[in-house]
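Structure, as structure tokens:
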Amino acid sequence: MDYVKAAQPRIVALFLVTVLAAMLLAGGAGAWLVIAVLAATALTVAGAAILNNAIERDADALMQRTRRRPTASGRLRPRHAVAAGLVAVAAGVLALWATAGGLAAVFALLGAAYYVLVYTLLLKPHTALSSVPGALAGVFPALIGWAATGAPWSADILFLCAVVFVWSPPHFWALALAREDDYRSSGIPTPVARYGERITRVLIGAFFAAFTGIVAVATATGLYGIAFSVIALATNLVLWVFVVRLLAARTGAAAWALFKVSGPCLAAVVAAAVVGRLL
């Protein structure tokens, strides 16, 4: 059970939603291929998450939010976690190679390597704005799903990658703002600790403005039709209620509320795009 917890099932599920969305937007994928790609990607993402837990165990032990994680609490030994993570990544990549082709497998391997080696080891411990380049890690699942279908590159995959990329940093920054004391005690640099709360709120607002801008472009060009336009713009209105509240209230509760609502808002926009394409 500790291995499952270290794999962070919620993060795995979020990435699988992106994989599924990419495959549905591309079209032409059979049910068995979809199931195989989701299962293989789940293994790869879970393995990367376990490796992340092993690397960050000391920092996690200092934070109230993460100190009960298996690696941080000592229930799962680091060498066991590393072995399990490497095996899961390797198994997932090989499964993708066998079922979806070499390009999907390469994207999976690159995604795991980027998340663990570049983001977790190199950027996050040293750079307050690590979430910006780190957001690339969230793009790889979309690339895996798209490559698995063999579809040519199009505006659909560009849209999906763009919304995931610009959504990721402010989503994390809202959490860091809400749990400011936790992150300060861990020593992990964040915009709040490095630049202050006011600049962090401005950054959050700017990135969510970019998110809304991408949706507006998709709406203006008629990329996904009327249903998408209505759902996506309504979702952005809801999102901005919480963004404005954060900018005005300047409380941890407002940051936490934005963090909690931003995930469903992304899911709603992506789902609206899939529905629009299928219709």
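Identifiers for the structure tokens are assigned positionally: chains receive A, B, ... in sequence, residues are indexed from 1 per chain, and ligands are indexed from 1 in the order shown.
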
message: Residues near Leu76 of chain A, anyone? I mean within 12 Å using only C-alpha atoms, not counting same-chain ones fewer than 3 positions away, as a ChimeraX atom specification.
response: /A:1-7,50-51,53-54,57,68-73,79-84

query: Nearest to Ser168 of chain A among A:Leu266, A:Val244, A:Ala91, A:Leu20, with distances taken over only C-alpha atoms: which residue is it?
result: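 Of the candidates, the smallest distance to Ser168 of chain A is held by A:Leu266.
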
message: Env of Ala178 of chain A: 8 Å cut, atoms = only C-alpha atoms, seq-sep filter 5 positions within chain, self excluded. Answer as a PyMOL selection string.
response: chain A and resi 251-256

Got time to write the residues from that selection, N, CA and C atoms, as a PDB file, in the first residue's frame?
```
ATOM      1  N   THR A 251      -5.638  36.427   1.304  1.00  0.00           N
ATOM      2  CA  THR A 251      -5.618  35.510   2.441  1.00  0.00           C
ATOM      3  C   THR A 251      -5.224  34.122   1.973  1.00  0.00           C
ATOM      4  N   GLY A 252      -4.756  33.311   2.924  1.00  0.00           N
ATOM      5  CA  GLY A 252      -4.437  31.936   2.616  1.00  0.00           C
ATOM      6  C   GLY A 252      -5.653  31.147   2.176  1.00  0.00           C
ATOM      7  N   ALA A 253      -6.813  31.475   2.751  1.00  0.00           N
ATOM      8  CA  ALA A 253      -8.048  30.783   2.386  1.00  0.00           C
ATOM      9  C   ALA A 253      -8.403  31.038   0.926  1.00  0.00           C
ATOM     10  N   ALA A 254      -8.192  32.273   0.457  1.00  0.00           N
ATOM     11  CA  ALA A 254      -8.477  32.592  -0.938  1.00  0.00           C
ATOM     12  C   ALA A 254      -7.528  31.848  -1.872  1.00  0.00           C
ATOM     13  N   ALA A 255      -6.268  31.719  -1.480  1.00  0.00           N
ATOM     14  CA  ALA A 255      -5.297  30.977  -2.292  1.00  0.00           C
ATOM     15  C   ALA A 255      -5.649  29.493  -2.339  1.00  0.00           C
ATOM     16  N   TRP A 256      -6.050  28.947  -1.196  1.00  0.00           N
ATOM     17  CA  TRP A 256      -6.430  27.537  -1.145  1.00  0.00           C
ATOM     18  C   TRP A 256      -7.665  27.277  -2.002  1.00  0.00           C
TER      19      TRP A 256
END
```

task: Between A:Ala218, A:Leu136, A:Leu62, A:Ala21, single out the one closest to Phe165 of chain A, counting only C-alpha atoms.
output: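 Between A:Ala218, A:Leu136, A:Leu62, A:Ala21, the residue approaching Phe165 of chain A most closely is A:Leu136.
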
field: Pick from A:His171, A:Lys260, A:Arg245, A:Arg250, whichever lies nearest to Glu197 of chain A using only C-alpha atoms
entry: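 Ranked by minimum distance to Glu197 of chain A, first place goes to A:Arg250.
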
- prompt: Within 12 Å of Leu279 of chain A, counting only C-alpha atoms, which residues qualify if same-chain residues fewer than 4 places away don't, as JSON, numbers by chain?
  reply: {"A": [24, 25, 27, 223, 224, 225, 226, 227, 228, 272, 273, 274, 275]}

Which segment 61-151 of chain A residues have any atom within 6 Å of an atom of segment 37-40 of chain A, and for each, what is the nearest pair of atoms with distance in Å to one decimal, counting only C-alpha atoms, rows sorted by chain and number, as a Markdown table?
```
| residue | atom | partner | partner_atom | distance |
| --- | --- | --- | --- | --- |
| A:Gly92 | CA | A:Ala40 | CA | 4.4 |
| A:Ala95 | CA | A:Ala40 | CA | 5.6 |
| A:Leu96 | CA | A:Ala40 | CA | 5.8 |
```

statement: Taken to one decimal, the atom CA of Ala248 of chain A-atom CA of Arg198 of chain A distance is 10.7 Å

- request: Please provide the set of residues having any atom within 10 Å of Val243 of chain A, restricted to only C-alpha atoms, with same-chain residues fewer than 4 positions apart removed, written as a PyMOL selection string.
  value: chain A and resi 174+201+204-205+208-209+237-239+247-249+254-255+257-259+262

query: Which value, in Å to one decimal, gives the distance between atom CA of Leu33 of chain A and atom CA of Thr149 of chain A?
result: 8.5 Å

- request: Have a look at A:Val19, A:Phe172, A:Ala232, A:Ala104 and name the one nearest to Val139 of chain A; count only C-alpha atoms.
  value: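 The closest residue to Val139 of chain A is A:Val19.
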